Every structure is written in C-alpha cells, then in structure tokens.
Amino acid sequence: MADNNPFPGENNTGHIWDDDLRELDNPPPRWWMIAFWASIIWWVTYGILYPMWPGMKGYTKGIMGWTQIKEYQEGVKEVEAVRAKYEEKIAAMSAKDILADEELKSYTIASAKVLFGDNCAACHGGGGQGGPGFPVLADDDWLYGGKIETIVQTITGGRKGVMTAHGKILKPEEIDSLAKAVLDHKPTSDPNFTAKGCIACHGPDGKGMQVLGSANLTDAIWRFKEDDQLASIKYTITHGVNDATDPKTRVAEMPAFGKRLSKDDIKKLAVYVHELGGGQ
Amino acid sequence: MNDNQQAQRDAAVDELYSEAVHWHLNTGGETIHAKRIPGKWRTIKWLTSSFWIIFFLGSYLRWGGRQAVLFDIPNRQFHLFGITVLPQDFWMLSLLLLFFAILLAVVTATAGRVWCGFFCFQTVWTDVFTWLEDKLEGPPQKRRKLDKAPWDAQKFRIKATKHVLWLIIAVLTGISFVAWFYGAFELWHDLFTFQVTHTALGIILLFTAGTYVLAGFMREQACFWLCPYARIQGVMIDSTTAVPTYDFHRGEPRGRVKKGQSDKDKTIGDCVDCKQCVAVCPTGIDIRNGQQEGCIMCALCIDACDAVMEKLGRPKGLIRYESLDVLNGKEERPLYKRPRIWIYATVLLLALSGITYGLSTLDAIEIKAIHDRQPLYVLQSDGSVQNKYTLKILNKMTKDLDVRLSVSGPEGAVLVGAEKPIHTKNGDVTPHVVFVRIPRGNLTKDSLPIVFHGEATTPEGNVVKTERASVFIGPKP
C-alpha cells in the first residue's frame, strides 16, 4: 500500500505493483449493472412463482402451483383431445369402413404402431416380417384369409390349426416322395397326395383351405421356412402340427386377443396388419 | 533512488500520460446530446433511413388476394409475391444469408461501415428518437439544462410527450414486425378484438421494449458494447478503404482562429479546433483522433466541418471520405486491382446465381421416397419380391393436385397401391404407401436402382412432373 499515491486522480485502489501496474476502481457500464440487477429480480421472482428451495420436509411450492407432473398430464390431455375426434369415429365404425377412409386409415396406422409393437412384434417381427416358426404378415399369403374381417376374427379368437403326424401312417419312402413333390410346389404330381388323404385338408389342387387354415403347398411361401427346406417338409409330415399324440409335433398357436385388447384396439391392429403389404 | 533513476521514471510517467486522453471510455455514464445540423450527408442519411418505410408499410401490400410477402410460420409457407417457398427450399436461405454477409463485407471494404452509418435500425431509430428529442427539448445545451433542472410541470410535460411518442414508435415497430408473419390486417383486427395470440403479443411487447430501450436509452452504447457487427466490420477495413477521415496533414497543428487575422499569414493548420465535428457526432467521438471503434461512419462530421470551412473561406474536405493510403500520398488503388473485391464479387455472384437457379427451378411437386426398413423385402406367393415405400408427395402449388405415380426400374417392376391418382393438398405433404413387385428372376443384384415418377395436371392444363430415385432390395441372387 502506497501512502503517497503516485497516480492521483485516476480512481485507483492503491494496489500498485511493479511501479506502474495498478488496480482501478471504475464502475461497470450501466447496461451491465441493469442486467445484473435484472437477473437478481428475475431470480427472486422465479423463487416466488416456482418451486425452488429445498427444506427438511419437502420444498417451497411457489405461488403458481406449477409441477412437472401437472404439466405432463396437461400435455397428455391435449394430445387426447386431438385424438378424441378420430377415436370416436373409430369406435362407431367397422374395421372395413376405417380402411375405406383415407384420413382415418392414416391415423390408425400411425397410432396402431405402438399396439403392434406391444402385442404382435414379439412373434411376427417389428415390421410383420415373421420369425422362425411364425408367419410373415407382410406377404400376400394367408392361412385363414387376408380380408379385413378375417384378420379381425384371427386377432379376436386366435388360431390353432392341426395337422396329423404321419410318421406312423406313412412309410419313409412315401414321406420322401411327398416331400420332394411339395418342395417343387407340385404336390399333386405325387399319387400319394390323393391316395394317402392329403387332399382332405390341402384340397385336391394342393392350394390349402382357408376354413381349416391348411397351407397352400403350391405357392412360393413356406409356413415353416428353414435353410434345409426338404428336411423341414419331412419333419412337418412326420410329426404334424399341434398333434397332441406326437411329442415332437410342431407347435403353432396364435393366442386369442379378444379378452386382452379392446374392440377398438383390435380394429386398429387389423387395419395395421392389413396394410403391412398383403391385405386383400 | 538516485537522480538518474528519478529522471527516467519521470520520463516514463510523461509518456504514460501523453496517451491518457485516449483512454476515456464512453460507457454511457452521460447521454450524448449530438447537435443536429443540415448538410449533404444529413440529407443522404434521411434518404437511406427512409428505406425502413418498407418495414412499416410493406406488409400491407396485397398480391393475388393475399399478403404479398407473408412469412407464415404456423403453416410453414413463405409467400414472396407470386412465389411460395416451403421449408424444403430453405437451402436458398443459407445462400441469401451468405449473399448479405458478403455484401456487407464488400461494401465495408470499399466505403467503410455504410450499413452502420446509414441503414442500421439502431442508427435509424436512434436518429428518429433524437430528432424528436431535439424538436421537443431543443438543442443540446437546452437539453442538458433541462436534464439538470428540477422537476416542474413544464419539464414533466415535455418529458412525458417525448416518452409517449417514443413508445408509440416502439409499439408500431413491434406491430409492423409481427405483421410480416401474422398478416397485417388480421393482426390489427385481432389486436382490437383481443384475439391476438400470446406469441404475437409477446413479440410485439419484446420489440416495443427493445426499441424503447435501445433507441431511447442505449443508443451508441449498443454499437460500442452490444453489436458484434461493429467489431467484425472493423477488420474488413484496410488502408485502401475510403472512410470519413480527418486530413491531419492539412489540419495540424490545430489552433483557434483569431478575429482580424488573414489566412495568408497563418502558420498553423486548417483545423480551427471548433469541436463542431465532436458536437455533431452521435457516438460522441473525436474523428480527429483517427479511425476508431466508436465511429459508425455516418459522415455527419463531414457536414459540420464543411460548414465551418465554408464560413472561413477555406476549401471544404478537411474531413472527407478518403483512404489512409491516399491521405499518406500513395496513389489510389482502383477497385479492380484489389483482390478482396474480386473474391467478394465472386462469392456474391455464386450466391446470387444459386438463388436464381433455385427460384427458377422450383418444382411444383416433389416426391421423397422412404424405403421401409423392416422388413427390407417380402417374398410373395407368386415368387416375386415386394418392397414397401412411403412416398411423401409435396404439392407446392396453390391448388390441390391429383398426382399420377409410376415406377421404372428392372424388368417386370409393378407398382401396387397407386392405381388411382393420389389427391394432394396444396402447400402440404401427403404421405402415401406403395409397393413395388419385381419377379425374383429379374433381380441381378440384391440392391437395384429404381425411379418413381410423379405427374399431375394443373387446373390451368399444364403438366408438372417430378421424379425420385430410390433402391429396390431383394435377397442375394
């Protein structure tokens, strides 16, 4: 501290180093001070209006009564209000009518995406691309039919087709020969197809029957698609599908969603599945 | 400390104080009351300021039944006379911003801070506010006296009138700004019927407060401490830039002119140290100290000095537009010999041609194809492969259009789901799901290019077309 200030009249604090390096005491610019006090006023006002101070039990609530969860709930209400007009229409319409209305269809597809992800995607894949043992929903081949009403029925009541295990009924050569004919998409070319009664379920032309859910054996889609398709066909013929008498039978069951989901949700899902690519 | 050291120290102190006069910073502690005098540059400044009349009145202009220029943010449509620009065309905005940035650079490089001195809203609004102040409170000395005077009815009346007028201008500024986005007539209607949206009202209030504070109180402080462009432009100026300059060769040493003395036997420079240049300066600087950050290059000091020189019968132009090079006796470098100008001009031209190209090739319709990612492809019962696409059809016309879709690609490609034309709303995106099927045997690779074509007939009978390339994905052949 220099008692005799060598730099008088310039408003320095008296802190001087290296002869002439000194600290001045100039006021900050006025705009800076305005901003400074404005920030403090802002902070105090915020503390009064909004929750701010933690206490031993709880916190100050603020006079606005604002909470995060309230804001969230208001947001949800707003979204529901927007959806309401569509949801009301959907409740009053059949799945087929929804399909015919472009605007409702777009809304349904957008809103059913979550439903599909929660209820269907685990087996049928996120895009309806199927999975090992589970049918593809995006193609144009349907076991029970691809009409919108049928899809509603399938989701509501579930499906469980049955194919008898033929391991004890047919000779191995007969299974071999049938499997080869099926692999070529020409099941009727093998006389066993008619003689051994395959036509009872798969039809005289081998195209399956949608009433029973029996597979079309003449098209390019495999119900049980595997790398070695011939082996897969033989396995299916030998052990059947859902045949309780054969412990090695293929299990293929679509559960019923009639009690799990609301009617409107099923309608939406049916429209969604119909529009995945194969609806008829 | 011996005598020698003491002498050295004293010399250092002297040197220190020789600069001290420059250290004074105008931090807004006192209001700058600039004198207003008529002159050539004053007239030019009013003319350039009147550019902002467009800001106040432009939004009332009509074009084809709607506002000529409307930045419709809620509907994501920008109307510019006959053209409608949608967010999809916004790459042009970056070119526009580039154009103005370079325009600022090229103007600043040749003639200094023309923007600051003649066009900037801060300068113009401050100018108008101080003009009102001058009319109501009188010239600078009277204003300073009034500021110091005790509050009486007359002072209150004058001050109140001033602030009310300032606020009216501020509110009109806010309303005029919002009008470009809201629709001018709708805004007035909604304001008077209390239906205006909170956003619009908030912005009007923000602009009102901003105008009132910035032009009424902050004034030159905004240029000194707030505005980044003030500093940026400083580095765009070089020694070849013509800026308002005090000719110190001619002016120095300055000295007061005495009565009865003729110019013939004068031994000092032409500057008579009347401080008129300081008096008229809106930012309160002394141009005679050379080019400095506070100078917004409004040229008002030129008017002041010229008026004085005229009275004394000396040649005008002691303060004039001149580059440092010329002032120091170098020859003036013509524009075309400055590489900066060439570079700036090239960028300007590129940006401008980009915008011209963009505006002239605005497609009436546009398609974006989004390939479904899960699954990438689906095998069909007839042995063909199916891909799913969401086509986003953008209709930029002012009328609804029925868009006919088709696809071209590998042999046998079939478009499913677009048998009928797709109805698209004007100025909107219509999403539409389509499928493309190709026989598996025709797929030579697991990914092949395909092109979607869109075509529509406008109500006037013109056929507008667009196309979009995409890919078709299948199993590995």
# chains A, B, ... in the order shown; residues from 1 in each chain; ligands from 1
$ interface_residues --of "chain B" --to "chain A" --cutoff "8 Å" --atoms "only C-alpha atoms" --output "number ranges by chain"
B: 27-29, 218, 374-375, 378-383, 388, 435
$ residues_around --residues "Val162 in chain A" --least-positions-apart "6" --cutoff "8 Å" --atoms "only C-alpha atoms" --output "list in words"
Gly240, Val241, Asn242 and Asp243 of chain A
$ select_by_dssp --residues "range 56-225 of chain B" --states "alpha helix (DSSP H)" --output "PyMOL selection string"
chain B and resi 56-57+91-111+114+121-137+140-148+153-182+184-192+198-213+220-221
$ residues_around --residues "Ser262 in chain A" --least-positions-apart "2" --cutoff "12 Å" --atoms "only C-alpha atoms" --output "tab-separated table (two decimals) with C-alpha atoms, in the first residue's frame"
chain	number	residue	atom	x	y	z
A	91	ALA	CA	-65.45	-46.67	-32.09
A	115	LEU	CA	-50.08	-51.57	-30.24
A	152	VAL	CA	-60.26	-59.15	-37.00
A	155	ILE	CA	-56.83	-61.48	-33.64
A	156	THR	CA	-60.00	-61.77	-31.54
A	257	PHE	CA	-56.56	-61.27	-28.01
A	258	GLY	CA	-60.31	-60.80	-27.62
A	259	LYS	CA	-60.07	-60.51	-23.86
A	260	ARG	CA	-56.72	-58.73	-23.69
A	264	ASP	CA	-61.23	-50.64	-30.94
A	265	ASP	CA	-57.63	-51.73	-30.47
A	266	ILE	CA	-58.32	-54.96	-32.35
A	267	LYS	CA	-59.90	-52.98	-35.19
A	268	LYS	CA	-56.84	-50.75	-35.33
A	269	LEU	CA	-54.48	-53.72	-35.31
$ residues_around --residues "Leu300 in chain B" --least-positions-apart "4" --cutoff "8 Å" --atoms "only C-alpha atoms" --output "PyMOL selection string"
chain B and resi 41-42+277+280-281+304
$ write_last_selection --atoms "C-alpha atoms" --output "CSV table (one decimal), in the first residue's frame"
chain,number,residue,atom,x,y,z
B,41,TRP,CA,-24.7,13.8,-45.7
B,42,ARG,CA,-27.6,14.7,-43.4
B,277,CYS,CA,-17.2,17.6,-35.5
B,280,VAL,CA,-22.5,16.5,-34.1
B,281,CYS,CA,-21.1,13.0,-33.6
B,304,ALA,CA,-20.2,20.0,-39.7
$ residues_around --residues "range 189-197 of chain A" --least-positions-apart "3" --cutoff "8 Å" --atoms "only C-alpha atoms" --output "PDB file with all heavy atoms, in the first residue's frame"
ATOM      1  N   GLU A 174     -42.592 -93.013 -48.805  1.00  0.00           N
ATOM      2  CA  GLU A 174     -43.733 -92.192 -49.181  1.00  0.00           C
ATOM      3  C   GLU A 174     -43.555 -90.755 -48.682  1.00  0.00           C
ATOM      4  O   GLU A 174     -43.863 -89.801 -49.394  1.00  0.00           O
ATOM      5  CB  GLU A 174     -45.027 -92.785 -48.575  1.00  0.00           C
ATOM      6  CG  GLU A 174     -45.452 -94.067 -49.263  1.00  0.00           C
ATOM      7  CD  GLU A 174     -46.563 -94.805 -48.510  1.00  0.00           C
ATOM      8  OE1 GLU A 174     -46.710 -94.586 -47.286  1.00  0.00           O
ATOM      9  OE2 GLU A 174     -47.267 -95.576 -49.145  1.00  0.00           O
ATOM     10  N   SER A 177     -40.995 -89.050 -50.977  1.00  0.00           N
ATOM     11  CA  SER A 177     -41.530 -88.724 -52.295  1.00  0.00           C
ATOM     12  C   SER A 177     -42.506 -87.552 -52.192  1.00  0.00           C
ATOM     13  O   SER A 177     -42.479 -86.630 -53.010  1.00  0.00           O
ATOM     14  CB  SER A 177     -42.177 -89.985 -52.888  1.00  0.00           C
ATOM     15  OG  SER A 177     -43.405 -89.687 -53.475  1.00  0.00           O
ATOM     16  N   LEU A 178     -43.345 -87.547 -51.144  1.00  0.00           N
ATOM     17  CA  LEU A 178     -44.278 -86.426 -50.948  1.00  0.00           C
ATOM     18  C   LEU A 178     -43.529 -85.127 -50.690  1.00  0.00           C
ATOM     19  O   LEU A 178     -43.854 -84.073 -51.253  1.00  0.00           O
ATOM     20  CB  LEU A 178     -45.211 -86.716 -49.758  1.00  0.00           C
ATOM     21  CG  LEU A 178     -46.490 -87.489 -50.065  1.00  0.00           C
ATOM     22  CD1 LEU A 178     -47.176 -87.928 -48.786  1.00  0.00           C
ATOM     23  CD2 LEU A 178     -47.434 -86.626 -50.899  1.00  0.00           C
ATOM     24  N   ALA A 181     -42.117 -83.678 -53.849  1.00  0.00           N
ATOM     25  CA  ALA A 181     -43.173 -83.071 -54.675  1.00  0.00           C
ATOM     26  C   ALA A 181     -43.603 -81.715 -54.110  1.00  0.00           C
ATOM     27  O   ALA A 181     -43.824 -80.744 -54.850  1.00  0.00           O
ATOM     28  CB  ALA A 181     -44.388 -84.003 -54.746  1.00  0.00           C
ATOM     29  N   LYS A 186     -45.328 -78.809 -56.493  1.00  0.00           N
ATOM     30  CA  LYS A 186     -46.289 -79.595 -57.286  1.00  0.00           C
ATOM     31  C   LYS A 186     -46.715 -80.810 -56.470  1.00  0.00           C
ATOM     32  O   LYS A 186     -46.389 -81.949 -56.831  1.00  0.00           O
ATOM     33  CB  LYS A 186     -45.648 -80.055 -58.597  1.00  0.00           C
ATOM     34  CG  LYS A 186     -45.463 -78.908 -59.575  1.00  0.00           C
ATOM     35  CD  LYS A 186     -44.737 -79.385 -60.823  1.00  0.00           C
ATOM     36  CE  LYS A 186     -44.394 -78.213 -61.709  1.00  0.00           C
ATOM     37  NZ  LYS A 186     -42.968 -78.222 -62.099  1.00  0.00           N
ATOM     38  N   ALA A 200     -57.642 -84.137 -48.268  1.00  0.00           N
ATOM     39  CA  ALA A 200     -58.732 -83.861 -47.340  1.00  0.00           C
ATOM     40  C   ALA A 200     -58.606 -82.474 -46.745  1.00  0.00           C
ATOM     41  O   ALA A 200     -59.589 -81.754 -46.583  1.00  0.00           O
ATOM     42  CB  ALA A 200     -58.749 -84.914 -46.224  1.00  0.00           C
ATOM     43  N   PRO A 204     -57.882 -80.792 -53.331  1.00  0.00           N
ATOM     44  CA  PRO A 204     -57.476 -81.618 -54.476  1.00  0.00           C
ATOM     45  C   PRO A 204     -56.377 -80.959 -55.314  1.00  0.00           C
ATOM     46  O   PRO A 204     -55.596 -81.643 -55.956  1.00  0.00           O
ATOM     47  CB  PRO A 204     -58.765 -81.777 -55.288  1.00  0.00           C
ATOM     48  CG  PRO A 204     -59.699 -80.726 -54.764  1.00  0.00           C
ATOM     49  CD  PRO A 204     -59.289 -80.407 -53.365  1.00  0.00           C
TER      50      PRO A 204
END
$ atom_distance --atom1 "CA of Ile175 in chain B" --atom2 "CA of Asn75 in chain B"
20.2 Å
$ atom_distance --atom1 "CA of Gly133 in chain A" --atom2 "CA of Asp205 in chain A"
24.7 Å
$ closest_residue --among "B:Gln67, B:Thr390, B:Ser447, B:Thr123" --to "His432 in chain B" --atoms "only C-alpha atoms"
B:Thr390
$ atom_distance --atom1 "CA of Lys330 in chain B" --atom2 "CA of Val106 in chain B"
21.9 Å
$ residues_around --residues "range 226-236 of chain B" --least-positions-apart "2" --cutoff "10 Å" --atoms "only C-alpha atoms" --output "MDAnalysis selection string"
(chainID A and resid 31) or (chainID B and resid 104:110 112:113 115:116 122 218 220:224 238 241 291:296 340)
$ residues_around --residues "Glu137 in chain B" --least-positions-apart "6" --cutoff "8 Å" --atoms "only C-alpha atoms" --output "ChimeraX atom specification"
/B:143,146,158
$ closest_residue --among "A:Thr45, A:Thr164, A:Glu87, A:Leu24" --to "Ala244 in chain A" --atoms "only C-alpha atoms"
A:Thr164
$ decode --residues "range 115-241 of chain A" --atoms "C-alpha atoms" --output "CSV table (one decimal), in the first residue's frame"
chain,number,residue,atom,x,y,z
A,115,LEU,CA,-50.1,-51.6,-30.2
A,116,PHE,CA,-48.4,-53.8,-32.8
A,117,GLY,CA,-45.1,-53.4,-31.1
A,118,ASP,CA,-46.5,-54.3,-27.7
A,119,ASN,CA,-48.7,-57.2,-28.8
A,120,CYS,CA,-47.6,-58.7,-32.1
A,121,ALA,CA,-44.0,-57.9,-32.8
A,122,ALA,CA,-42.5,-60.4,-30.4
A,123,CYS,CA,-43.5,-63.3,-32.7
A,124,HIS,CA,-44.3,-61.6,-36.0
A,125,GLY,CA,-41.4,-59.1,-36.0
A,126,GLY,CA,-41.4,-55.4,-35.8
A,127,GLY,CA,-42.4,-55.0,-39.5
A,128,GLY,CA,-44.5,-58.1,-39.7
A,129,GLN,CA,-41.6,-59.9,-41.3
A,130,GLY,CA,-42.3,-63.1,-39.3
A,131,GLY,CA,-39.8,-65.2,-37.4
A,132,PRO,CA,-38.7,-68.8,-37.3
A,133,GLY,CA,-42.0,-70.7,-37.0
A,134,PHE,CA,-44.1,-67.6,-37.1
A,135,PRO,CA,-45.9,-66.4,-40.2
A,136,VAL,CA,-44.9,-63.4,-42.2
A,137,LEU,CA,-47.7,-60.8,-42.1
A,138,ALA,CA,-46.4,-58.6,-44.8
A,139,ASP,CA,-46.7,-61.0,-47.7
A,140,ASP,CA,-49.8,-61.9,-49.7
A,141,ASP,CA,-50.2,-65.5,-48.5
A,142,TRP,CA,-52.8,-66.0,-45.8
A,143,LEU,CA,-53.6,-69.3,-44.0
A,144,TYR,CA,-57.0,-68.1,-42.9
A,145,GLY,CA,-57.5,-65.3,-45.4
A,146,GLY,CA,-56.3,-61.8,-45.8
A,147,LYS,CA,-59.7,-60.0,-45.8
A,148,ILE,CA,-60.0,-57.3,-43.1
A,149,GLU,CA,-63.0,-59.2,-41.4
A,150,THR,CA,-60.9,-62.4,-41.2
A,151,ILE,CA,-58.0,-60.6,-39.7
A,152,VAL,CA,-60.3,-59.2,-37.0
A,153,GLN,CA,-61.5,-62.7,-36.3
A,154,THR,CA,-58.0,-64.1,-36.2
A,155,ILE,CA,-56.8,-61.5,-33.6
A,156,THR,CA,-60.0,-61.8,-31.5
A,157,GLY,CA,-60.3,-65.5,-31.3
A,158,GLY,CA,-56.8,-66.7,-32.1
A,159,ARG,CA,-55.9,-69.6,-34.4
A,160,LYS,CA,-54.7,-73.1,-33.8
A,161,GLY,CA,-54.6,-75.3,-36.9
A,162,VAL,CA,-54.0,-79.1,-36.6
A,163,MET,CA,-52.1,-81.4,-38.9
A,164,THR,CA,-51.9,-85.1,-38.0
A,165,ALA,CA,-48.5,-86.6,-37.5
A,166,HIS,CA,-48.0,-89.0,-40.4
A,167,GLY,CA,-44.8,-90.7,-39.2
A,168,LYS,CA,-46.7,-93.8,-38.1
A,169,ILE,CA,-49.2,-93.7,-41.0
A,170,LEU,CA,-46.8,-93.3,-44.0
A,171,LYS,CA,-43.7,-95.3,-45.0
A,172,PRO,CA,-40.4,-93.4,-45.1
A,173,GLU,CA,-40.3,-93.7,-48.9
A,174,GLU,CA,-43.7,-92.2,-49.2
A,175,ILE,CA,-42.8,-89.3,-46.9
A,176,ASP,CA,-39.6,-88.7,-49.1
A,177,SER,CA,-41.5,-88.7,-52.3
A,178,LEU,CA,-44.3,-86.4,-50.9
A,179,ALA,CA,-41.7,-84.0,-49.5
A,180,LYS,CA,-39.9,-83.8,-52.9
A,181,ALA,CA,-43.2,-83.1,-54.7
A,182,VAL,CA,-44.1,-80.4,-52.1
A,183,LEU,CA,-40.6,-78.8,-52.5
A,184,ASP,CA,-41.2,-78.5,-56.2
A,185,HIS,CA,-44.6,-76.7,-55.5
A,186,LYS,CA,-46.3,-79.6,-57.3
A,187,PRO,CA,-47.8,-81.8,-54.5
A,188,THR,CA,-50.4,-83.3,-56.8
A,189,SER,CA,-47.7,-84.8,-59.0
A,190,ASP,CA,-47.2,-87.5,-56.4
A,191,PRO,CA,-50.1,-90.0,-56.4
A,192,ASN,CA,-49.7,-90.4,-52.6
A,193,PHE,CA,-51.1,-86.9,-52.2
A,194,THR,CA,-54.5,-88.1,-53.3
A,195,ALA,CA,-54.1,-91.8,-52.2
A,196,LYS,CA,-53.0,-91.0,-48.6
A,197,GLY,CA,-55.6,-88.4,-48.0
A,198,CYS,CA,-53.6,-85.2,-48.0
A,199,ILE,CA,-56.3,-83.7,-50.2
A,200,ALA,CA,-58.7,-83.9,-47.3
A,201,CYS,CA,-57.2,-80.8,-45.8
A,202,HIS,CA,-54.9,-79.3,-48.5
A,203,GLY,CA,-57.5,-79.7,-51.2
A,204,PRO,CA,-57.5,-81.6,-54.5
A,205,ASP,CA,-55.3,-78.9,-56.1
A,206,GLY,CA,-52.9,-78.6,-53.1
A,207,LYS,CA,-53.8,-75.0,-52.5
A,208,GLY,CA,-55.0,-75.4,-49.0
A,209,MET,CA,-58.3,-74.4,-47.4
A,210,GLN,CA,-58.7,-71.2,-45.5
A,211,VAL,CA,-61.6,-72.5,-43.5
A,212,LEU,CA,-59.2,-75.0,-41.9
A,213,GLY,CA,-56.1,-72.9,-42.1
A,214,SER,CA,-54.3,-75.6,-44.1
A,215,ALA,CA,-51.3,-74.3,-46.0
A,216,ASN,CA,-51.2,-73.6,-49.8
A,217,LEU,CA,-48.5,-76.0,-50.9
A,218,THR,CA,-48.3,-74.7,-54.5
A,219,ASP,CA,-47.1,-71.1,-53.9
A,220,ALA,CA,-43.6,-69.8,-53.1
A,221,ILE,CA,-44.2,-69.2,-49.4
A,222,TRP,CA,-43.2,-71.7,-46.7
A,223,ARG,CA,-45.1,-71.9,-43.5
A,224,PHE,CA,-42.1,-73.4,-41.7
A,225,LYS,CA,-39.2,-71.9,-43.6
A,226,GLU,CA,-35.8,-73.3,-42.9
A,227,ASP,CA,-32.4,-73.4,-44.6
A,228,ASP,CA,-32.9,-77.1,-45.5
A,229,GLN,CA,-36.4,-76.8,-46.7
A,230,LEU,CA,-36.7,-80.5,-47.7
A,231,ALA,CA,-35.8,-81.6,-44.2
A,232,SER,CA,-38.3,-79.1,-42.8
A,233,ILE,CA,-41.1,-80.5,-45.0
A,234,LYS,CA,-40.3,-84.1,-44.0
A,235,TYR,CA,-40.4,-83.1,-40.3
A,236,THR,CA,-43.8,-81.5,-40.7
A,237,ILE,CA,-45.2,-84.5,-42.5
A,238,THR,CA,-43.7,-86.9,-39.9
A,239,HIS,CA,-44.7,-85.0,-36.7
A,240,GLY,CA,-47.6,-82.9,-37.8
A,241,VAL,CA,-48.7,-79.6,-36.4
